[in-house]
Amino acid sequence: MTVRVVTDSSSNLPAWVAEELHIEVVELHAMGDTTAGLSALELAATYARQLERGGDDGLVALHIGKELSSTWSNAVAAAAVFDNVRVIDTDTVGMDLGAAAMAAAKSAQMGADVEECYAVAVDILRRSDTWFYVHKLDALRKSGRLTTGAYVAATLAARPILHVGENGLDVAAKGRTPSKALAKMVELVEGHARGERVFVAIQQYEARETARRLEQHLRSVLAEGSNVLVVDISPAIAIHVGPGAVGATLVNTCDLPELPK
């Protein structure tokens, strides 16, 4: 039996990776043009099923950041029912979560206990950054995911690159055109990589060609041996970022497990 790992669909974790590493991905609720977080009852039921499968060896849960959804607070309430569920305060969204879940699950497969898996996931999150380029900010503003100050700054920035941090979303950079904005994203990723071998996940919604070009650019500038993965943005996140959105998650470490083949 092994420690179980649970995340939610805001991680954008591909189904084939989750299946290979036995990660449980719980779907956030997408309803028309709105979304809803996972309830404590839903999460408690999920945790109970996974603990049963893992022989009560423990569970690590990684959910969308508390500034972006009620899911985290509900996860904390759900975990209180159990003695061996550790919920990580991630402060992020996207493949930051996916990469951390991958690392924790791989550690679990190698025999790590729940505290060791928790520590591995926290370390990966500490080494991660996520940036998003979106065509329109209205949905993010309407849903409250973008504060008034950040919305004003993003509006003035013309083509903003948004950074996901502990306080939610803020403007990291800007470009006068979509192509210049994406070039700025490449600069951000390359700069934070610092010449090291890294893992990068490109996330897209109805922007496959843009994501492909971004992948090519990153492969040309990152250190040899870096891993670049292109994934789809989940429906619940796509509602907020809209068509044409592209994101890049950088994990600045050599220790991330190799992707399943």
# chains A, B, ... in the order shown; residues from 1 in each chain; ligands from 1

call {"tool": "closest_atom_pairs", "arguments": {"of": "stretch 24-65 of chain A", "to": "stretch 116-138 of chain A", "cutoff": "10 Å", "atoms": "only C-alpha atoms", "output": "JSON lines"}}
result
{"residue": "A:Gly58", "atom": "CA", "partner": "A:Cys117", "partner_atom": "CA", "distance": 9.7}
{"residue": "A:Leu59", "atom": "CA", "partner": "A:Tyr118", "partner_atom": "CA", "distance": 8.7}
{"residue": "A:Val60", "atom": "CA", "partner": "A:Tyr118", "partner_atom": "CA", "distance": 6.1}
{"residue": "A:Ala61", "atom": "CA", "partner": "A:Tyr118", "partner_atom": "CA", "distance": 8.6}
{"residue": "A:Leu62", "atom": "CA", "partner": "A:Ala121", "partner_atom": "CA", "distance": 8.5}

call {"tool": "select_by_dssp", "arguments": {"residues": "stretch 5-247 of chain A", "states": "helix (DSSP H, G or I)", "output": "ChimeraX atom specification"}}
result
/A:9-11,15-21,40-53,71-79,95-109,114-126,138-142,148-156,178-193,208-221,235-241

call {"tool": "closest_residue", "arguments": {"among": "A:Ala201, A:Gly244, A:Asp57, A:Thr177", "to": "A:Val230", "atoms": "only C-alpha atoms"}}
result
A:Ala201

call {"tool": "residues_around", "arguments": {"residues": "A:Asn167", "least_positions_apart": "6", "cutoff": "10 Å", "atoms": "only C-alpha atoms", "output": "list in words"}}
result
Gly65, Lys66, Glu67, Leu68, Asp91, Thr92 and Thr147 of chain A

call {"tool": "residues_around", "arguments": {"residues": "A:Lys180", "least_positions_apart": "4", "cutoff": "12 Å", "atoms": "only C-alpha atoms", "output": "list of chain:residue names"}}
result
A:Tyr133, A:Ala158, A:Arg159, A:Pro160, A:Ile161, A:Ala173, A:Lys174, A:Gly175, A:Arg176, A:Lys184, A:Met185, A:Val186, A:Glu187, A:Leu214

call {"tool": "residues_around", "arguments": {"residues": "stretch 16-26 of chain A", "least_positions_apart": "4", "cutoff": "8 Å", "atoms": "only C-alpha atoms", "output": "list in words"}}
result
Arg4, Val5, Val6, Thr7, Asp8, Ser9, Gln50, Ala101, Met102, Ala105, Lys106, Leu259 and Pro260 of chain A

call {"tool": "write_last_selection", "arguments": {"atoms": "C-alpha atoms", "output": "PDB file, in the first residue's frame"}}
result
ATOM      1  CA  ARG A   4      -2.413   8.522  -1.959  1.00  0.00           C
ATOM      2  CA  VAL A   5      -2.310  11.885  -3.748  1.00  0.00           C
ATOM      3  CA  VAL A   6      -5.383  13.974  -4.565  1.00  0.00           C
ATOM      4  CA  THR A   7      -5.607  17.172  -6.579  1.00  0.00           C
ATOM      5  CA  ASP A   8      -8.375  18.931  -8.474  1.00  0.00           C
ATOM      6  CA  SER A   9      -8.871  19.754 -12.131  1.00  0.00           C
ATOM      7  CA  GLN A  50      -8.496   7.019  -1.509  1.00  0.00           C
ATOM      8  CA  ALA A 101       1.248  16.064  -7.336  1.00  0.00           C
ATOM      9  CA  MET A 102       3.482  14.143  -9.757  1.00  0.00           C
ATOM     10  CA  ALA A 105       2.965  10.418  -6.180  1.00  0.00           C
ATOM     11  CA  LYS A 106       6.349   9.278  -7.455  1.00  0.00           C
ATOM     12  CA  LEU A 259       7.280  12.057 -17.189  1.00  0.00           C
ATOM     13  CA  PRO A 260       5.611   8.686 -17.707  1.00  0.00           C
TER      14      PRO A 260
END

call {"tool": "atom_distance", "arguments": {"atom1": "atom CA of A:Asp33", "atom2": "atom CA of A:Ser234"}}
result
13.7 Å

call {"tool": "closest_residue", "arguments": {"among": "A:Ile233, A:Arg197, A:Thr249, A:Gly242", "to": "A:Glu215", "atoms": "only C-alpha atoms"}}
result
A:Thr249

call {"tool": "atom_distance", "arguments": {"atom1": "atom CA of A:Ala15", "atom2": "atom CA of A:Ala236"}}
result
15.4 Å

call {"tool": "residues_around", "arguments": {"residues": "stretch 74-87 of chain A", "least_positions_apart": "4", "cutoff": "9 Å", "atoms": "only C-alpha atoms", "output": "number ranges by chain"}}
result
A: 37-45, 47-48, 51, 56-63, 70, 114-115, 118
